[in-house]
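Quick look at start.pdb (PDB, C-alpha atoms and all ligand atoms):
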```
ATOM      1  CA  MET A   1       8.102  58.628 -43.956  1.00  0.00           C
ATOM      2  CA  SER A   2       7.864  57.475 -47.525  1.00  0.00           C
ATOM      3  CA  ASP A   3      10.444  56.376 -50.016  1.00  0.00           C
ATOM      4  CA  THR A   4      10.922  57.257 -53.625  1.00  0.00           C
ATOM      5  CA  ILE A   5      10.500  54.172 -55.786  1.00  0.00           C
ATOM      6  CA  GLN A   6      11.627  53.917 -59.380  1.00  0.00           C
ATOM      7  CA  LEU A   7      10.480  51.263 -61.801  1.00  0.00           C
ATOM      8  CA  THR A   8      11.323  50.416 -65.371  1.00  0.00           C
ATOM      9  CA  VAL A   9       8.138  50.000 -67.407  1.00  0.00           C
ATOM     10  CA  ASN A  10       8.130  48.310 -70.794  1.00  0.00           C
ATOM     11  CA  GLY A  11       5.387  48.156 -73.398  1.00  0.00           C
ATOM     12  CA  MET A  12       4.034  51.694 -73.284  1.00  0.00           C
ATOM     13  CA  THR A  13       3.611  53.181 -76.748  1.00  0.00           C
ATOM     14  CA  CYS A  14       1.628  56.396 -76.278  1.00  0.00           C
ATOM     15  CA  MET A  15       0.280  58.849 -73.738  1.00  0.00           C
ATOM     16  CA  HIS A  16      -2.755  56.653 -73.155  1.00  0.00           C
ATOM     17  CA  CYS A  17      -0.427  53.937 -71.921  1.00  0.00           C
ATOM     18  CA  VAL A  18       1.293  56.439 -69.652  1.00  0.00           C
ATOM     19  CA  ALA A  19      -2.077  57.475 -68.211  1.00  0.00           C
ATOM     20  CA  ALA A  20      -3.088  53.831 -67.718  1.00  0.00           C
ATOM     21  CA  VAL A  21       0.122  53.045 -65.827  1.00  0.00           C
ATOM     22  CA  GLU A  22      -0.252  56.179 -63.749  1.00  0.00           C
ATOM     23  CA  LYS A  23      -3.815  55.219 -62.844  1.00  0.00           C
ATOM     24  CA  ALA A  24      -2.823  51.634 -62.020  1.00  0.00           C
ATOM     25  CA  LEU A  25      -0.019  52.764 -59.726  1.00  0.00           C
ATOM     26  CA  THR A  26      -2.169  55.368 -57.989  1.00  0.00           C
ATOM     27  CA  ALA A  27      -4.591  52.600 -56.993  1.00  0.00           C
ATOM     28  CA  VAL A  28      -1.939  50.476 -55.253  1.00  0.00           C
ATOM     29  CA  GLU A  29      -2.104  50.502 -51.483  1.00  0.00           C
ATOM     30  CA  GLY A  30       0.738  52.491 -49.973  1.00  0.00           C
ATOM     31  CA  VAL A  31       1.283  54.799 -52.927  1.00  0.00           C
ATOM     32  CA  ASP A  32       1.258  58.393 -51.712  1.00  0.00           C
ATOM     33  CA  GLU A  33       1.976  60.072 -55.019  1.00  0.00           C
ATOM     34  CA  VAL A  34       2.871  59.057 -58.553  1.00  0.00           C
ATOM     35  CA  ILE A  35       5.550  61.621 -59.316  1.00  0.00           C
ATOM     36  CA  GLN A  36       5.929  60.827 -62.991  1.00  0.00           C
ATOM     37  CA  VAL A  37       5.496  58.160 -65.629  1.00  0.00           C
ATOM     38  CA  THR A  38       7.700  58.546 -68.683  1.00  0.00           C
ATOM     39  CA  LEU A  39       7.248  57.009 -72.106  1.00  0.00           C
ATOM     40  CA  GLU A  40      10.824  57.292 -73.382  1.00  0.00           C
ATOM     41  CA  PRO A  41      12.542  55.743 -71.563  1.00  0.00           C
ATOM     42  CA  GLY A  42       9.670  53.781 -70.059  1.00  0.00           C
ATOM     43  CA  GLY A  43       9.628  54.332 -66.350  1.00  0.00           C
ATOM     44  CA  ALA A  44       7.718  55.364 -63.278  1.00  0.00           C
ATOM     45  CA  THR A  45       8.701  57.323 -60.222  1.00  0.00           C
ATOM     46  CA  LEU A  46       6.498  57.403 -57.187  1.00  0.00           C
ATOM     47  CA  ARG A  47       6.489  58.141 -53.519  1.00  0.00           C
ATOM     48  CA  GLY A  48       5.160  55.811 -50.859  1.00  0.00           C
ATOM     49  CA  HIS A  49       5.761  52.560 -49.015  1.00  0.00           C
ATOM     50  CA  ALA A  50       4.036  50.184 -51.411  1.00  0.00           C
ATOM     51  CA  SER A  51       5.548  46.750 -51.989  1.00  0.00           C
ATOM     52  CA  THR A  52       7.365  46.538 -55.296  1.00  0.00           C
ATOM     53  CA  ASP A  53       5.645  43.214 -55.971  1.00  0.00           C
ATOM     54  CA  ALA A  54       2.255  44.936 -55.728  1.00  0.00           C
ATOM     55  CA  LEU A  55       3.400  47.758 -57.999  1.00  0.00           C
ATOM     56  CA  ILE A  56       4.749  45.377 -60.622  1.00  0.00           C
ATOM     57  CA  ALA A  57       1.582  43.264 -60.429  1.00  0.00           C
ATOM     58  CA  ALA A  58      -0.601  46.348 -60.923  1.00  0.00           C
ATOM     59  CA  ILE A  59       1.360  47.388 -64.000  1.00  0.00           C
ATOM     60  CA  LYS A  60       1.168  43.850 -65.361  1.00  0.00           C
ATOM     61  CA  GLU A  61      -2.586  43.833 -64.821  1.00  0.00           C
ATOM     62  CA  ALA A  62      -2.823  47.057 -66.801  1.00  0.00           C
ATOM     63  CA  GLY A  63      -1.082  45.274 -69.672  1.00  0.00           C
ATOM     64  CA  TYR A  64       2.546  46.309 -69.311  1.00  0.00           C
ATOM     65  CA  GLU A  65       5.777  44.893 -67.974  1.00  0.00           C
ATOM     66  CA  ALA A  66       7.675  46.366 -65.063  1.00  0.00           C
ATOM     67  CA  SER A  67      10.839  45.703 -63.143  1.00  0.00           C
ATOM     68  CA  LEU A  68      12.876  47.448 -60.483  1.00  0.00           C
TER      69      LEU A  68
HETATM   70 CU    CU B   1      -0.742  53.666 -75.566  1.00  0.00          CU
END
```
Give the structure from this file in structure tokens form.
Amino acid sequence: MSDTIQLTVNGMTCMHCVAAVEKALTAVEGVDEVIQVTLEPGGATLRGHASTDALIAAIKEAGYEASL
């Protein structure tokens, strides 16, 4: 059983940023699927049981800001 998690992501300016965030989230333990990352408004929707702290940290490491 996995949950749908939605995050607000700030700092993305182009499709490369979107791809970078998508890649970063995919690598987090517990992420089953990154459903979508949107540029405008900046956000990410994914499925899994990953900790939100780990997701936010991964996005930060990729160079962006995220919050629930
Ligand atoms: Cu970009």
A:Gln6 surroundings by all atoms listed in the file, 7 Å radius, close-in-sequence under 2 positions cut, as a compact mmCIF listing (two decimals) with C-alpha atoms, in the coordinates of the input:
```
# COMPACT_ATOMS: atom_id res chain seq x y z
CA THR A 4 10.92 57.26 -53.62
CA THR A 8 11.32 50.42 -65.37
CA ALA A 44 7.72 55.36 -63.28
CA THR A 45 8.70 57.32 -60.22
CA LEU A 46 6.50 57.40 -57.19
CA LEU A 68 12.88 47.45 -60.48
```
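The residue that comes closest to A:Val9, out of A:Gly63, A:Gly48, A:Gly30, A:Gly42 and on the basis of all atoms listed in the file, is A:Gly42.
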Residues contacting ligand CU 1 (chain B) - anything with an atom at most 9 Å away, using all atoms listed in the file - can you give me those as a PyMOL selection string? chain A and resi 11-20
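Interatomic distance, atom CA of A:Gly43 to atom CA of A:Leu7: 5.6 Å.
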Padding of 6 Å on every side, edges along x, y and z, all listed atoms of stretch 29-42 of chain A included: what centre and edge lengths in Å, to one decimal, does that box have, as lines of an AutoDock Vina configuration file?
```
center_x = 5.2
center_y = 56.1
center_z = -61.7
size_x = 26.6
size_y = 23.1
size_z = 35.4
```
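Note on the selection: in this file the PyMOL selection byres (((chain A and resi 62) around 10) and not hetatm) comes out as Cys17, Ala20, Val21, Glu22, Lys23, Ala24, Leu25, Ile56, Ala57, Ala58, Ile59, Lys60, Glu61, Gly63, Tyr64 and Glu65 of chain A.
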Write out, as a JSON list (two decimals), in the coordinates of the input, the residues just selected, with C-alpha atoms.
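After the write, selection-v8.json holds the following:
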```
[["chain", "number", "residue", "atom", "x", "y", "z"],
["A", 17, "CYS", "CA", -0.43, 53.94, -71.92],
["A", 20, "ALA", "CA", -3.09, 53.83, -67.72],
["A", 21, "VAL", "CA", 0.12, 53.04, -65.83],
["A", 22, "GLU", "CA", -0.25, 56.18, -63.75],
["A", 23, "LYS", "CA", -3.82, 55.22, -62.84],
["A", 24, "ALA", "CA", -2.82, 51.63, -62.02],
["A", 25, "LEU", "CA", -0.02, 52.76, -59.73],
["A", 56, "ILE", "CA", 4.75, 45.38, -60.62],
["A", 57, "ALA", "CA", 1.58, 43.26, -60.43],
["A", 58, "ALA", "CA", -0.60, 46.35, -60.92],
["A", 59, "ILE", "CA", 1.36, 47.39, -64.00],
["A", 60, "LYS", "CA", 1.17, 43.85, -65.36],
["A", 61, "GLU", "CA", -2.59, 43.83, -64.82],
["A", 63, "GLY", "CA", -1.08, 45.27, -69.67],
["A", 64, "TYR", "CA", 2.55, 46.31, -69.31],
["A", 65, "GLU", "CA", 5.78, 44.89, -67.97]]
```
For A:Thr52, which of A:Ser2, A:Val28, A:Glu40, A:Val34 is the closest residue, counting only C-alpha atoms? A:Val28
So, with only C-alpha atoms as the atoms that count, which of A:Arg47, A:Ser67, A:Asp53, A:Asp3 lies closest to A:Glu33? A:Arg47
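Of the residues listed (A:Ala66, A:Asn10, A:Val37, A:Glu29), A:Glu29 shows the shortest atom-to-atom separation from A:Ser51; distances use all atoms listed in the file.
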